[in-house]
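Chemist: I'd like to ask you about the structure that follows.
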Amino acid sequence: MSLEGLDLAMVEAAQAGSTSAFARLVDRHQQPLRAFLRRTCGDWAMADDLAQETFLTAWSRIGALKAGASVRAWLCGIGYNKHLTALRSRGRERARERTYAAENPPSGPSMTGERLALEAAMAELPPDQRACVALCLAADFSHAEAADAFGLPLGTVKSHVARGRARLLQVLGGSDARS
Amino acid sequence: MPDPDKTDADDRMKALFAQDQPPARDPLFSAAVMVRIARRRFQADVAMLACVTGVGGLVLWGLWPTLSPTLIALSQGLAPVAACLTLAAIVTVPLMGGRPGAALGLES
């Protein structure tokens with residue numbers, strides 16, 4: 001059975017109420033979802049919390065997932081909305097967090113200079129642009145898949161990816177062949 | 001066929017992004033998600049049982065003046081039937097996986 005076919009069978013079983021089928025979906029999709037959220041949030045612990053919240057929401061909304069739709073893109077869309085909600089609700093605490101972040105750098109592995117530069121450049125991108133870069137450049141989503149996941153127009157996604165890529169390449173010291 | 005638009009910096013960027021990748025299998029993470037789902041289902045079951053009990057109590061309270069004389073008259077005959085129904089409920093709910101919603105036919 002193909003991977004898409006496997007997803008389809010598991011989604012159908014989960015829609016019928018099977019928790020074991022949903023557990024297999026969690027197993028299969030935790031890696032791409034967490035990677036996407038880590039790149040979007042920058043904070044690994046927060047990304048994993050959001051990933052858990054995403055799966056909880058996915059469980060309660062699994063009935064709304066259309067047959068044949070990409071589970072990975074659907075989960076990333078939910079995760080992205082969770083991230084935006086978290087950003088908004090934490091806006092009031094931003095000043096306090098800046099102080100905390102200065103004293104406690106985000107959790108993650110030890111980083112090389114180039115990696116730190118990439119993290120810093122990603123953090124400077126607007127949330128929409130960062131999410132598009134995380135899906136299209138890091139996770140090999142097509143522009144159409146990303147547009148579908150985020151509910152953005154295709155042209156907007158293409159422009160976000162192009163601008164984000166140019167900014168990141170500038171930081172990494174590479175030339176942007178497309179510009 | 002290689003993408004002519006891609007540069008070495010693109011490949012370097014991709015390699016740096018790959019360092020964010022969590023393990024392909026993470027039983028601890030998956031278990032944490034499933035525990036939270038089980039907890040949520042349990043809370044939903046308790047809430048549903050509380051609603052059913054509350055509504056049942058209200059209905060009984062409202063109908064009691066009408067039911068009371070009839071029940072007193074039929075109490076001798078109803079006692080064995082009520083005992084059988086209670087026994088059936090005690091047996092059915094655990095057989096349906098301990099989920100009252102399934103036992104009442106409210107979920108698949």
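Labels used: A, B, ... for chains in the order of the structure tokens, numbers from 1 for residues in each chain, and numbers from 1 for ligands as shown.
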For region 54-71 of chain A, list every protein, DNA or RNA residue within 7 Å, evaluated using only C-alpha atoms, and leave out those in the same chain fewer than 5 positions away; present the list as a CSV table (one decimal) with C-alpha atoms, in the first residue's frame.
Modeler:
```csv
chain,number,residue,atom,x,y,z
A,8,LEU,CA,-6.3,7.3,3.8
A,15,GLN,CA,-13.0,9.0,11.6
A,78,ILE,CA,-3.7,23.6,12.3
A,79,GLY,CA,-0.2,24.0,13.9
B,33,VAL,CA,-0.5,12.9,22.8
B,37,ILE,CA,-6.6,12.4,24.1
```
Chemist: Taking only C-alpha atoms into account, produce a table as a Markdown table in which each residue of chain B with an atom at most 10 Å from an atom of chain A appears once, together with its shortest atom pair and the distance in Å to one decimal, ordered by chain and rising number.
Modeler:
```
| residue | atom | partner | partner_atom | distance |
| --- | --- | --- | --- | --- |
| B:Pro4 | CA | A:Ala177 | CA | 8.5 |
| B:Asp5 | CA | A:Ala177 | CA | 5.6 |
| B:Lys6 | CA | A:Ala177 | CA | 7.0 |
| B:Thr7 | CA | A:Ala177 | CA | 6.7 |
| B:Asp8 | CA | A:Gly174 | CA | 7.3 |
| B:Ala9 | CA | A:Gly174 | CA | 4.9 |
| B:Asp10 | CA | A:Leu169 | CA | 7.2 |
| B:Arg12 | CA | A:Leu172 | CA | 8.4 |
| B:Met13 | CA | A:Leu172 | CA | 7.7 |
| B:Lys14 | CA | A:Ala138 | CA | 5.9 |
| B:Ala15 | CA | A:Ala138 | CA | 8.8 |
| B:Leu16 | CA | A:Arg115 | CA | 6.1 |
| B:Phe17 | CA | A:Ala138 | CA | 5.9 |
| B:Ala18 | CA | A:Ala138 | CA | 7.3 |
| B:Gln19 | CA | A:Pro109 | CA | 8.6 |
| B:Asp20 | CA | A:Ala35 | CA | 5.9 |
| B:Gln21 | CA | A:Ala35 | CA | 5.1 |
| B:Pro22 | CA | A:Gln31 | CA | 5.6 |
| B:Pro23 | CA | A:Gln31 | CA | 6.4 |
| B:Ala24 | CA | A:Gln31 | CA | 5.5 |
| B:Arg25 | CA | A:Asp27 | CA | 6.4 |
| B:Asp26 | CA | A:Asp27 | CA | 7.3 |
| B:Pro27 | CA | A:Asp27 | CA | 7.7 |
| B:Phe29 | CA | A:Gln52 | CA | 8.1 |
| B:Ser30 | CA | A:Asp27 | CA | 6.1 |
| B:Ala31 | CA | A:Ala23 | CA | 8.4 |
| B:Ala32 | CA | A:Gln52 | CA | 7.8 |
| B:Val33 | CA | A:Gln52 | CA | 5.7 |
| B:Met34 | CA | A:Ala23 | CA | 6.7 |
| B:Arg36 | CA | A:Leu56 | CA | 7.5 |
| B:Ile37 | CA | A:Leu56 | CA | 6.3 |
| B:Ala38 | CA | A:Thr19 | CA | 8.8 |
| B:Arg40 | CA | A:Leu56 | CA | 8.7 |
| B:Arg41 | CA | A:Ser60 | CA | 9.9 |
| B:Glu107 | CA | A:Gly17 | CA | 8.4 |
| B:Ser108 | CA | A:Ala16 | CA | 6.8 |
```
Chemist: If I take CA of Phe141 (chain A) and CA of Leu154 (chain A), how far is one from the other in Å, to one decimal?
Modeler: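 Taking CA of Phe141 (chain A) and CA of Leu154 (chain A), their separation equals 12.7 Å.
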Chemist: Give me, please, the distance in Å between CA of Trp61 (chain B) and CA of Ser75 (chain B), quoted to one decimal.
Modeler: 18.0 Å
Chemist: What's the separation between CA of Trp74 (chain A) and CA of Asp45 (chain B), in Å to one decimal place?
Modeler: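 Computing it gives 27.4 Å between the two atoms.
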